[in-house]
Every structure is written in structure tokens, then in C-alpha cells.
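Asks: What follows is protein12.txt, compact mmCIF, C-alpha atoms and all ligand atoms.
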# COMPACT_ATOMS: atom_id res chain seq x y z
CA MET A 281 100.03 116.16 42.34
CA GLY A 282 98.48 112.98 40.91
CA LYS A 283 97.70 112.04 37.36
CA THR A 284 94.24 111.81 35.88
CA ILE A 285 93.20 110.23 32.62
CA PHE A 286 89.85 110.86 30.93
CA ARG A 287 88.60 107.95 28.78
CA ASN A 288 85.55 106.91 26.76
CA GLY A 289 84.27 110.31 25.77
CA TRP A 290 84.36 113.12 23.26
CA LEU A 291 87.05 115.78 23.39
CA ALA A 292 86.02 119.30 22.36
CA ASP A 293 88.51 120.66 19.87
CA VAL A 294 87.21 124.22 20.19
CA GLU A 295 89.59 125.74 17.65
CA GLN A 296 88.47 123.32 14.92
CA ARG A 297 84.88 123.35 16.25
CA ARG A 298 84.54 119.61 16.37
CA LEU A 299 84.20 116.78 18.85
CA VAL A 300 86.71 113.98 18.51
CA ARG A 301 86.91 110.61 20.16
CA GLY A 302 90.02 110.40 22.31
CA GLU A 303 91.70 110.35 25.70
CA LEU A 304 93.34 113.11 27.70
CA LEU A 305 95.99 112.92 30.41
CA VAL A 306 96.49 115.47 33.16
CA GLU A 307 99.73 115.59 35.14
CA ASP A 308 100.95 118.22 37.54
CA LYS A 309 98.29 120.88 36.76
CA ARG A 310 98.66 120.59 32.99
CA ILE A 311 97.36 118.64 30.03
CA THR A 312 100.26 116.35 29.09
CA ALA A 313 98.79 114.08 26.42
CA ILE A 314 95.86 113.95 24.01
CA ALA A 315 95.61 110.85 21.84
CA PRO A 316 93.20 108.18 20.63
CA ARG A 317 94.60 105.85 23.30
CA ILE A 318 96.86 106.72 26.23
CA THR A 319 98.53 104.16 28.48
CA CYS A 320 99.43 105.33 31.96
CA GLU A 321 99.14 102.84 34.75
CA THR A 322 99.60 105.27 37.62
CA ALA A 323 96.81 107.66 36.63
CA GLU A 324 93.37 107.83 38.23
CA GLU A 325 90.82 107.03 35.51
CA ILE A 326 87.68 109.01 34.89
CA ASP A 327 85.19 107.23 32.66
CA LEU A 328 83.43 109.89 30.61
CA ALA A 329 80.75 107.41 29.51
CA ASP A 330 80.25 109.28 26.22
CA ALA A 331 80.10 112.73 27.85
CA VAL A 332 82.01 115.70 26.39
CA LEU A 333 85.30 116.87 27.86
CA ALA A 334 85.75 120.57 27.07
CA PRO A 335 88.05 123.37 28.19
CA GLY A 336 86.64 124.94 31.35
CA PHE A 337 84.39 127.87 30.54
CA ILE A 338 85.72 131.40 30.89
CA ASP A 339 83.31 134.17 31.91
CA LEU A 340 84.44 137.72 31.27
CA HIS A 341 81.48 139.25 33.13
CA THR A 342 80.72 138.09 36.68
CA HIS A 343 79.61 140.14 39.67
CA LEU A 344 81.07 138.65 42.85
CA ARG A 345 79.78 141.33 45.26
CA GLU A 346 82.69 141.13 47.69
CA PRO A 347 83.68 143.43 49.29
CA GLY A 348 80.55 145.18 50.45
CA TYR A 349 77.53 143.16 49.32
CA GLU A 350 78.22 139.79 50.92
CA HIS A 351 74.48 139.31 51.53
CA LYS A 352 74.15 138.88 47.72
CA GLU A 353 77.27 136.76 47.04
CA THR A 354 80.81 136.25 48.25
CA ILE A 355 83.86 135.39 46.23
CA ALA A 356 83.62 131.88 47.72
CA SER A 357 79.93 131.35 46.87
CA GLY A 358 80.26 132.91 43.42
CA ALA A 359 83.18 130.59 42.72
CA GLN A 360 81.11 127.57 43.81
CA ALA A 361 78.41 128.69 41.39
CA ALA A 362 80.99 129.13 38.65
CA ALA A 363 82.38 125.63 39.12
CA ALA A 364 78.85 124.16 39.13
CA GLY A 365 78.20 125.99 35.86
CA GLY A 366 81.38 124.62 34.27
CA PHE A 367 83.39 127.86 34.59
CA THR A 368 87.01 127.59 35.63
CA THR A 369 87.97 131.25 35.13
CA ILE A 370 85.79 134.27 35.92
CA ALA A 371 86.58 137.94 35.49
CA CYS A 372 84.82 139.95 38.18
CA MET A 373 83.36 143.39 37.78
CA PRO A 374 84.50 146.26 40.01
CA ASN A 375 81.08 147.54 41.18
CA THR A 376 81.66 146.34 44.71
CA ARG A 377 81.60 148.54 47.85
CA PRO A 378 84.11 150.08 47.78
CA ALA A 379 84.60 149.83 44.03
CA LEU A 380 87.81 148.19 42.74
CA ASP A 381 89.38 151.54 41.97
CA THR A 382 92.77 151.27 43.73
CA ALA A 383 95.66 148.85 43.44
CA ALA A 384 95.13 147.78 47.05
CA ARG A 385 91.48 146.88 46.45
CA VAL A 386 92.33 144.87 43.34
CA ALA A 387 95.08 143.11 45.29
CA TRP A 388 92.62 142.38 48.10
CA VAL A 389 90.27 140.58 45.69
CA LYS A 390 93.18 138.52 44.39
CA GLU A 391 94.15 137.57 47.95
CA GLN A 392 90.60 136.79 48.99
CA ALA A 393 90.15 134.68 45.86
CA ALA A 394 93.40 132.82 46.53
CA ALA A 395 92.09 132.00 50.02
CA THR A 396 88.43 131.20 49.24
CA SER A 397 87.79 130.60 45.52
CA ILE A 398 87.79 127.18 43.87
CA VAL A 399 88.11 128.75 40.40
CA LYS A 400 90.45 131.35 38.91
CA VAL A 401 89.33 134.92 39.57
CA LEU A 402 90.57 137.81 37.43
CA PRO A 403 89.63 141.24 38.76
CA ILE A 404 88.50 143.99 36.42
CA GLY A 405 89.54 147.45 37.61
CA ALA A 406 87.22 150.45 37.68
CA ILE A 407 87.64 153.02 34.91
CA SER A 408 86.82 155.90 37.23
CA VAL A 409 87.31 156.61 40.93
CA GLU A 410 84.23 155.31 42.79
CA GLN A 411 82.79 154.61 39.33
CA THR A 412 81.40 158.13 39.26
CA GLY A 413 82.82 158.95 35.84
CA ARG A 414 84.80 162.00 36.98
CA GLU A 415 88.40 160.95 37.56
CA LEU A 416 90.35 158.18 35.85
CA THR A 417 91.83 155.50 38.13
CA ASP A 418 95.55 154.70 37.95
CA PHE A 419 95.33 152.01 35.25
CA ALA A 420 99.04 151.07 35.41
CA ALA A 421 98.92 150.58 39.18
CA LEU A 422 95.71 148.57 39.00
CA GLN A 423 97.13 146.40 36.22
CA ALA A 424 100.31 145.82 38.24
CA SER A 425 98.21 144.46 41.10
CA GLY A 426 96.21 142.15 38.85
CA ALA A 427 93.50 144.01 36.93
CA VAL A 428 93.05 142.37 33.51
CA ALA A 429 90.70 144.98 32.00
CA PHE A 430 88.83 148.15 32.97
CA SER A 431 85.11 148.80 33.27
CA ASP A 432 82.58 150.97 35.06
CA ASP A 433 80.01 148.22 34.52
CA GLY A 434 76.66 148.93 36.10
CA ARG A 435 76.68 152.38 34.57
CA GLY A 436 77.87 154.04 31.42
CA VAL A 437 80.79 156.48 31.22
CA MET A 438 78.82 159.64 30.47
CA SER A 439 81.79 161.91 29.68
CA SER A 440 83.22 161.43 26.18
CA LYS A 441 86.52 162.88 27.38
CA MET A 442 86.72 160.33 30.19
CA MET A 443 86.12 157.49 27.74
CA LEU A 444 88.74 158.90 25.38
CA LEU A 445 91.28 158.98 28.20
CA ALA A 446 90.29 155.48 29.31
CA LEU A 447 90.77 154.03 25.82
CA GLN A 448 94.11 155.81 25.46
CA ALA A 449 95.33 154.46 28.79
CA ALA A 450 94.05 150.96 27.99
CA GLN A 451 95.74 151.07 24.59
CA ALA A 452 99.08 151.91 26.20
CA LEU A 453 98.73 148.92 28.55
CA ALA A 454 97.29 146.57 25.88
CA VAL A 455 94.13 145.76 27.88
CA PRO A 456 90.47 146.10 26.88
CA ILE A 457 87.94 148.62 28.07
CA MET A 458 84.81 146.62 28.87
CA ALA A 459 82.10 149.12 28.17
CA HIS A 460 78.67 149.20 29.75
CA GLU A 461 76.94 151.20 27.03
CA GLU A 462 74.21 153.22 28.66
CA ASP A 463 73.47 156.91 28.43
CA ALA A 464 71.88 157.45 31.85
CA GLU A 465 69.83 160.43 30.70
CA LEU A 466 68.38 158.58 27.71
CA ALA A 467 67.84 155.46 29.83
CA GLY A 468 65.75 157.40 32.33
CA ARG A 469 64.17 155.62 35.26
CA GLY A 470 62.46 152.71 33.57
CA SER A 471 62.75 149.07 34.60
CA ILE A 472 62.12 147.25 31.31
CA ASN A 473 62.46 147.75 27.55
CA ALA A 474 60.56 150.73 26.20
CA GLY A 475 57.64 149.53 24.11
CA ARG A 476 54.13 148.19 24.25
CA ILE A 477 54.74 146.10 27.38
CA SER A 478 56.31 148.96 29.32
CA GLN A 479 53.30 151.09 28.39
CA GLN A 480 50.88 148.38 29.51
CA LEU A 481 52.68 148.04 32.82
CA GLY A 482 52.97 151.79 33.32
CA ASP A 483 56.77 151.70 33.23
CA GLU A 484 58.75 154.59 31.80
CA GLY A 485 60.74 152.14 29.64
CA ILE A 486 64.44 151.96 28.79
CA PRO A 487 64.93 152.73 25.08
CA ALA A 488 67.44 150.81 22.97
CA ALA A 489 68.84 154.21 21.97
CA SER A 490 70.30 154.60 25.47
CA GLU A 491 72.61 151.73 24.52
CA PHE A 492 73.41 152.26 20.86
CA ILE A 493 73.98 156.02 21.02
CA MET A 494 76.72 155.62 23.60
CA LEU A 495 78.06 152.62 21.68
CA ALA A 496 78.30 154.70 18.48
CA ARG A 497 80.35 157.27 20.39
CA ASP A 498 82.63 154.65 21.88
CA LEU A 499 83.27 152.99 18.53
CA TYR A 500 84.50 156.35 17.21
CA LEU A 501 86.64 156.80 20.31
CA ALA A 502 88.10 153.32 19.81
CA GLU A 503 88.94 154.27 16.23
CA LEU A 504 90.53 157.56 17.29
CA THR A 505 92.65 156.02 20.03
CA GLY A 506 93.37 152.54 18.67
CA GLY A 507 92.16 151.20 22.02
CA HIS A 508 90.38 147.85 22.35
CA LEU A 509 86.69 148.37 23.06
CA HIS A 510 84.95 145.29 24.43
CA VAL A 511 81.19 145.85 24.39
CA CYS A 512 79.42 144.30 27.37
CA HIS A 513 76.00 142.62 27.19
CA VAL A 514 74.83 143.80 23.75
CA SER A 515 71.02 143.87 23.76
CA SER A 516 69.70 145.70 20.70
CA ALA A 517 69.60 145.12 16.94
CA GLU A 518 71.03 148.56 16.22
CA SER A 519 74.04 147.81 18.43
CA VAL A 520 74.71 144.63 16.46
CA HIS A 521 74.62 146.64 13.22
CA LEU A 522 77.03 149.23 14.61
CA ILE A 523 79.51 146.59 15.79
CA ARG A 524 79.33 144.76 12.46
CA ALA A 525 80.09 147.99 10.58
CA ALA A 526 82.88 148.90 13.01
CA LYS A 527 84.56 145.52 12.53
CA ALA A 528 84.35 145.99 8.77
CA ARG A 529 86.14 149.33 9.22
CA GLY A 530 88.92 147.63 11.16
CA ILE A 531 88.08 149.14 14.53
CA GLN A 532 89.42 147.08 17.43
CA VAL A 533 86.14 145.96 18.94
CA THR A 534 84.91 142.73 20.52
CA ALA A 535 81.46 142.07 21.90
CA GLU A 536 79.62 139.82 24.31
CA VAL A 537 76.01 138.74 24.61
CA THR A 538 74.37 137.06 27.58
CA PRO A 539 72.52 133.75 27.36
CA HIS A 540 69.35 135.48 28.57
CA HIS A 541 69.39 138.11 25.83
CA LEU A 542 69.83 135.34 23.25
CA HIS A 543 66.94 133.34 24.66
CA LEU A 544 64.33 135.62 26.26
CA THR A 545 62.41 138.73 25.29
CA GLU A 546 60.36 141.35 27.09
CA ALA A 547 57.37 139.04 26.58
CA VAL A 548 58.26 137.22 29.83
CA VAL A 549 58.09 140.41 31.90
CA PRO A 550 54.34 140.49 32.71
CA ALA A 551 54.51 137.01 34.27
CA LEU A 552 57.87 137.35 36.05
CA LEU A 553 58.03 141.08 36.84
CA GLY A 554 61.05 141.77 39.12
CA GLN A 555 62.57 138.36 38.28
CA ALA A 556 62.72 139.47 34.63
CA LYS A 557 64.35 142.83 35.42
CA VAL A 558 67.88 143.15 34.13
CA ASN A 559 70.06 145.86 32.70
CA PRO A 560 70.21 146.11 29.74
CA PRO A 561 66.61 144.94 29.64
CA LEU A 562 65.24 141.96 27.76
CA ARG A 563 64.15 143.53 24.48
CA SER A 564 61.97 142.70 21.48
CA GLU A 565 61.92 139.54 19.40
CA ALA A 566 63.51 141.51 16.52
CA ASP A 567 66.36 142.50 18.83
CA ARG A 568 66.80 138.91 20.00
CA GLU A 569 66.91 137.68 16.40
CA ALA A 570 69.56 140.29 15.55
CA LEU A 571 71.67 139.08 18.50
CA ILE A 572 71.40 135.52 17.21
CA THR A 573 72.41 136.64 13.72
CA GLY A 574 75.33 138.57 15.23
CA MET A 575 76.41 135.48 17.11
CA LEU A 576 76.22 133.32 13.98
CA ASP A 577 78.11 135.71 11.70
CA GLY A 578 80.88 136.52 14.19
CA THR A 579 79.84 140.12 14.94
CA ILE A 580 79.41 139.03 18.54
CA ASP A 581 82.48 137.19 19.76
CA ILE A 582 81.56 135.61 23.05
CA ILE A 583 78.86 134.64 25.51
CA ALA A 584 79.25 136.16 28.99
CA THR A 585 76.91 135.59 31.91
CA ASP A 586 76.55 139.02 33.56
CA HIS A 587 76.02 136.91 36.69
CA ALA A 588 74.34 139.48 38.97
CA PRO A 589 73.21 137.81 42.19
CA HIS A 590 70.79 139.60 44.50
CA ALA A 591 69.04 138.68 47.75
CA ALA A 592 65.35 137.66 47.69
CA HIS A 593 64.23 140.87 49.38
CA GLU A 594 65.85 142.86 46.57
CA LYS A 595 63.97 141.03 43.80
CA ASP A 596 60.62 139.97 45.28
CA VAL A 597 59.32 143.55 45.35
CA PRO A 598 57.34 145.68 42.87
CA LEU A 599 58.98 145.97 39.45
CA SER A 600 60.08 149.56 39.89
CA GLN A 601 61.90 148.74 43.14
CA ALA A 602 63.49 145.44 42.11
CA ALA A 603 67.25 145.27 41.60
CA PHE A 604 68.52 144.75 38.05
CA GLY A 605 70.17 141.43 37.32
CA PHE A 606 70.05 137.65 37.01
CA SER A 607 72.05 134.93 38.71
CA GLY A 608 73.60 133.45 35.61
CA LEU A 609 76.62 131.21 36.06
CA GLU A 610 74.78 127.97 36.71
CA VAL A 611 72.23 128.19 33.91
CA ALA A 612 74.45 129.79 31.25
CA PHE A 613 75.41 126.63 29.37
CA ALA A 614 71.88 125.24 29.28
CA VAL A 615 70.35 128.58 28.27
CA ALA A 616 72.94 129.07 25.53
CA GLN A 617 72.06 125.60 24.25
CA ALA A 618 68.35 126.46 24.40
CA ALA A 619 68.96 129.58 22.31
CA LEU A 620 71.40 128.18 19.77
CA VAL A 621 71.80 124.39 19.81
CA GLN A 622 68.28 123.08 20.41
CA PRO A 623 66.84 125.23 17.56
CA GLY A 624 69.52 123.78 15.28
CA LEU A 625 71.43 127.03 14.69
CA LEU A 626 74.76 125.75 16.02
CA THR A 627 76.14 122.39 17.04
CA LEU A 628 77.52 122.02 20.55
CA ALA A 629 81.04 122.06 19.07
CA GLU A 630 80.25 125.35 17.31
CA LEU A 631 78.84 126.90 20.50
CA LEU A 632 81.79 126.05 22.75
CA PRO A 633 84.35 128.57 21.35
CA ALA A 634 82.13 131.43 22.60
CA LEU A 635 82.59 130.12 26.14
CA THR A 636 86.23 129.03 25.94
CA CYS A 637 88.92 130.00 23.43
CA ARG A 638 87.36 133.29 22.34
CA PRO A 639 87.06 134.83 25.83
CA ALA A 640 90.59 133.54 26.47
CA ALA A 641 91.83 135.33 23.35
CA ILE A 642 90.25 138.62 24.43
CA LEU A 643 92.33 138.60 27.62
CA GLY A 644 95.32 136.71 26.18
CA LEU A 645 94.91 133.77 28.58
CA PRO A 646 96.70 130.43 28.04
CA GLN A 647 93.65 128.34 29.03
CA GLY A 648 90.48 127.86 26.99
CA ARG A 649 91.51 125.02 24.66
CA LEU A 650 92.53 121.39 24.95
CA ALA A 651 96.23 121.45 24.12
CA VAL A 652 99.28 119.77 25.57
CA GLY A 653 101.09 122.13 27.93
CA THR A 654 98.07 124.30 28.77
CA PRO A 655 96.54 124.43 32.29
CA ALA A 656 94.26 121.49 33.09
CA ASP A 657 91.12 123.63 33.46
CA LEU A 658 88.42 121.29 32.22
CA VAL A 659 84.71 120.61 32.30
CA VAL A 660 82.78 117.42 31.66
CA LEU A 661 79.48 118.28 30.02
CA ALA A 662 76.32 116.21 29.86
CA PRO A 663 74.71 118.17 27.01
CA GLN A 664 71.46 116.17 26.96
CA LYS A 665 70.88 116.05 30.69
CA ARG A 666 67.51 117.43 31.80
CA TRP A 667 67.42 119.19 35.15
CA TYR A 668 65.20 121.49 37.15
CA VAL A 669 66.39 124.87 38.34
CA ASN A 670 65.43 125.30 41.96
CA PRO A 671 66.78 127.40 44.81
CA ASP A 672 68.29 124.36 46.51
CA ASN A 673 70.41 123.19 43.59
CA LEU A 674 71.86 126.64 42.85
CA ARG A 675 75.19 127.10 44.61
CA SER A 676 75.04 130.86 44.19
CA GLN A 677 73.54 132.84 47.05
CA GLY A 678 71.57 134.62 44.33
CA LYS A 679 68.47 132.60 43.44
CA ASN A 680 67.29 135.40 41.16
CA THR A 681 66.86 133.73 37.80
CA PRO A 682 63.91 133.82 35.43
CA TYR A 683 64.49 130.08 34.94
CA LEU A 684 63.49 129.13 38.49
CA ASN A 685 61.31 125.99 38.53
CA GLN A 686 61.91 125.38 34.84
CA GLU A 687 63.50 122.43 33.13
CA LEU A 688 66.74 123.07 31.26
CA ILE A 689 68.86 120.78 29.13
CA GLY A 690 72.60 120.45 29.60
CA GLN A 691 74.78 120.63 32.69
CA ALA A 692 78.38 120.47 33.83
CA VAL A 693 78.94 117.26 35.78
CA LEU A 694 82.61 117.63 36.68
CA THR A 695 84.87 120.67 36.81
CA MET A 696 88.65 120.63 37.15
CA VAL A 697 90.95 123.58 37.85
CA ASP A 698 94.72 123.16 37.49
CA GLY A 699 94.33 119.39 37.60
CA SER A 700 92.19 119.27 40.78
CA ILE A 701 88.51 118.30 40.71
CA VAL A 702 86.65 121.24 42.26
CA PHE A 703 83.10 120.16 41.48
CA ARG A 704 81.30 116.91 40.74
CA ARG A 705 77.63 116.03 40.60
CA ASP A 706 75.46 112.99 40.01
CA ARG A 707 75.00 112.75 36.28
CA ASP A 708 71.63 111.04 36.51
CA ALA A 709 69.93 113.25 39.11
CA SER A 710 67.64 115.96 37.70
CA ASP A 711 67.76 117.91 40.96
CA ALA A 712 71.52 117.81 41.61
O1 LIG A 801 71.38 143.80 35.52
C1 LIG A 801 72.47 144.24 35.86
N1 LIG A 801 72.98 144.02 37.08
N2 LIG A 801 73.16 145.01 35.00
C2 LIG A 801 74.26 145.68 35.36
O2 LIG A 801 74.81 146.35 34.54
C3 LIG A 801 74.77 145.60 36.74
C4 LIG A 801 74.33 144.37 37.38
C5 LIG A 801 74.52 144.39 38.87
O3 LIG A 801 75.62 144.73 39.34
O4 LIG A 801 73.61 143.99 39.59
Produce C-alpha cells that represent the structure in this file.
Replies:
Amino acid sequence: MGKTIFRNGWLADVEQRRLVRGELLVEDKRITAIAPRITCETAEEIDLADAVLAPGFIDLHTHLREPGYEHKETIASGAQAAAAGGFTTIACMPNTRPALDTAARVAWVKEQAAATSIVKVLPIGAISVEQTGRELTDFAALQASGAVAFSDDGRGVMSSKMMLLALQAAQALAVPIMAHEEDAELAGRGSINAGRISQQLGDEGIPAASEFIMLARDLYLAELTGGHLHVCHVSSAESVHLIRAAKARGIQVTAEVTPHHLHLTEAVVPALLGQAKVNPPLRSEADREALITGMLDGTIDIIATDHAPHAAHEKDVPLSQAAFGFSGLEVAFAVAQAALVQPGLLTLAELLPALTCRPAAILGLPQGRLAVGTPADLVVLAPQKRWYVNPDNLRSQGKNTPYLNQELIGQAVLTMVDGSIVFRRDRDASDA
């Protein structure tokens, strides 16, 4: 494999949360030098032209839809979307058809990814057989075939006993349980956050309690078992308070928030209807502010996309019939900047750990930082670039984003996985 040298840009030192001027050399799939000036005559040169070279983003929450829902997304198309969004590693949720609940199915995803994906794909195994919450899967067998964590994402684990057993099994294997916190009975059949807007629209509403009551239970179960509870897509203020208190007690808990929950509220629902429908739902401004505070004070560890692609006919229908979820990989960086960097709450260098070294730490991955000897999984970011989100420039099959036809700021312009460029776009084009 050839050598590549990046010059004339800023290097994101995500552990020190700073951007430094410097050059970086890639040889044989790895970063082999980082210095103010590197001389290597045989390397191909990439002129960063003042852009930012960062570790490739790592998403711990992607829905790839294959097998079973290839009309929404395939592993190949989801990986293209990931690369275009600056992600070089994605962990995929098991709510496929069939669910990833056996070693063979996990192995199949690994094989399919090896054959068709341009980024690294890490399968997440199901907690329960068919994700029905009744019988635990064989965690050890699933881990042996490549599962990096366990989740029944898409629905909550209703049985406390099942969650206890899951956390015990995960503890023994030193992997996280990635919990979708939702009590199905409390959640009911609503489509959006319970409140004034759900009443106006005649929707039953999904109360925040459906999230934080199950979360409270799971935090106790994590304490009892010593298992690592990773809380998926936190959406409510009360959940942030519970996680903060649990961390103070020493419970092994990590948490993620999506860019959309940091940036949007239920106020966008009347205009966007099905395109604003996601689970957990966009909530109130007070909830959004609590998520921001949680992000700033370290209660929430990472940003994850919950990339949930759907076909047009599944979203462009009345609110009550629309599928839950947003296509998220390609807008994640820009939306995270809109929520945190443009309002002046974080610098870009302070935002990047939530997309790189912190998700890597949760799974114990070697990538996620710029360091000699680590895999050359890299992204070149144009943080000020303005671009329009339209169906044609999204690589995902899922065009279901509330940001359609809006201008966003910040985009990945080059993505490298194991030293190979897997994605490149015109840095000056607003519609690329
Ligand atoms: O909005 C969502 N969509 N939330 C989930 O938990 C599942 C996901 C999906 O699979 O579509």
C-alpha cells in the first residue's frame, strides 16, 4: 500500500481537545508520523488547505437494515452514507429481519460488510431471541462471531429479570448493554412527545416517563450486577438527572445523545409531521437544554446518530402511520455543530471527542485518535462549508431527514479507512 502525507492543515488532537498545526504521514494502513514538518519523497501529498484532519468518526448507533429491509438501506449504501458523513466505523443495531440474535446472523453481517462496506462495521447482537424480550440470546457465541455489544434497540426490555440477566452476561464478557429505554405500556401508541403539541394534533403522546422510569430501573440493575449500561438516545431532562446521579454513585453507565435531540424540539412537528417522527420523540425546549447541559458537563459521553433510514412511502404518510426515525449519518456533524459550536457552547476541538475517542473508549477500539501506530481512519473536515441537504446529495437510500432542503454548515470532504481514500467530494460545491 502507498504512502500518503497530509500537509497545510490543522490536526485534531482529540484527547487534548485542541487543533494543532502539523503534518501526518500514513503508511501501510497506519499513522506512522505526526510532526510539524515531515519529509517523505515517495508519499502522495494531500493539501489540506487549512481544513481540519480529524480521526474518522465512530458511530455506536446505526441501523443498516440488512438483512430484511433492503428497500430502506443496505450495508453497502449505509456505509456510503457513513463515509460521506465522515464516519469510518459504525456499530449496527440488530433490529433487522431476522434480528441479529444468532452467531450465524452476526457472522453473516460481518461477511456482507467485508464484501460490500467501505467503512468498518461492528455488529451489535440482540439481547433477546427475535428481540421479543422473552429469552436471552447466547451472548458468548454472538461475541465470538463478532458482536461488540448487545441491544434490543427499537424497543425496551420490559422484563426486569431479562435485563438483570443481560447485564450479568454482559459483565462477564466485558461488553456494554446498549439500552433502548422505553416502557412500551407507558409509551402507548403516540407518535410525538406528550404535551401541548400532541394535544393540538390529536396524538396520544409519548411521555418522557416512558423513558426515565425504565432508565431508573436499569441504573439499579447496573449497580446490582456491575454491568456496563450504555444508555441509547437520551431524550429527556429527567434522564439526564438520573444518569448524572448514577455516575456520582459510581455506577458503570455511559450515555449517548443524537444530534437531532440536541438541536430540535417538538416545535418542528406541526410543519414536518411524519418527517419529524422519531423514537424517542423530539421533546420540549427544557429537555433539549438539559441534554446540552449534560453534554457540556460530561453526563452524556458521546454523540450517536441513530441513523434510521426509511423509504419515502413509509414517511410521507399521516403522522400516526409514519415510521419512526431519521436518516442521520450525513448530517450528524453539521447538526452537532449547529447545536453546540455555532451557539458558542463548544469549540470544534471540544466537540470532536464525542464523535471519536469517547465512542472508541466505550468499545475499547484502537482507532478514534491521531496517534502513531493507530489505524489510518481519518476524516478531512471543512467546518465552515455551507451546503444544502437534498435527496440527490444524500448517499443513504433513506432521504428521511427533517433537514431536507435546509442549509447546514460543516461537511466531511475526504474520508480514509485503513489508509485508503473511500470518499472525496468537491470542497467548494454546496450541492456535493
Ligand atoms: O426512531 C427510531 N427508529 N427509533 C428506534 O428506536 C428505532 C429506529 C428504527 O429502527 O427505525
Asks: If you count only C-alpha atoms and all ligand atoms, which residues end up within 6 Å of ligand LIG 801 (chain A), as a PyMOL selection string?
Replies: chain A and resi 433-434+558-559+588+604-605
Asks: Quick one: of A:Ile398, A:Val332, A:Leu684, A:Ile486, who's nearest to Ser515 in chain A, counting only C-alpha atoms?
Replies: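 Using only C-alpha atoms, Ser515 in chain A sits closest to A:Ile486.
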Asks: With 6 Å of padding per side, what axis-aligned box (centre and edge lengths, Å, one decimal) covers all the listed atoms of range 650-663 of chain A? Give it as JSON.
Replies:
{"center_x": 87.9, "center_y": 120.3, "center_z": 28.8, "size_x": 38.4, "size_y": 20.2, "size_z": 21.3}
Asks: For each of A:Thr573, A:Thr369, A:Gln479, A:Thr695, take the minimum atom-to-atom distance to Leu625 in chain A, counting only C-alpha atoms, then give the residue where this is smallest.
Replies: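 Residue with the minimum atom-to-atom distance to Leu625 in chain A: A:Thr573.
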Asks: Pick out the residues sitting within 10 Å of Ala566 in chain A, and hand them over as a list of chain:residue names; count only C-alpha atoms, and ignore anything fewer than 5 positions along from it in its own chain.
Replies: A:Ser516, A:Ala517, A:Thr545, A:Leu571, A:Ile572
Asks: I'd like to know which of A:His521, A:Met494, A:Gln423, A:Ala334 is closest to Leu628 in chain A, using all atoms listed in the file.
Replies: A:Ala334
Asks: Which value, in Å to one decimal, gives the distance between CA of Leu631 in chain A and CA of Ala535 in chain A?
Replies: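 Between CA of Leu631 in chain A and CA of Ala535 in chain A the gap is 15.5 Å.
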Asks: Please list, as an MDAnalysis selection string, the residues that have an atom at most 6 Å away from (90.7, 147.8, 38.8) in the coordinates of this file, counting all atoms listed in the file.
Replies: chainID A and resid 380:381 386 404:406 422 427
Asks: Give the answer as one residue: which of A:Leu620, A:Arg707, A:His593, A:Arg298 has the shortest atom-to-atom distance to His351 in chain A, using only C-alpha atoms?
Replies: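 Ranked by minimum distance to His351 in chain A, first place goes to A:His593.
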Asks: To one decimal in Å, tell me the separation between CA of Leu599 in chain A and CA of Lys557 in chain A.
Replies: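 Spanning CA of Leu599 in chain A to CA of Lys557 in chain A is a straight-line distance of 7.4 Å.
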Asks: Return the single residue from A:Ala446, A:Val621, A:Ile285, A:Leu453 that is closest to Thr319 in chain A, with distances computed using only C-alpha atoms.
Replies: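 With only C-alpha atoms as the atom set, the closest residue is A:Ile285.
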Asks: With distances taken over all atoms listed in the file, which of A:Lys527, A:Arg675, A:Arg568, A:Arg310 is nearest to Ala651 in chain A?
Replies: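 Using all atoms listed in the file, Ala651 in chain A sits closest to A:Arg310.
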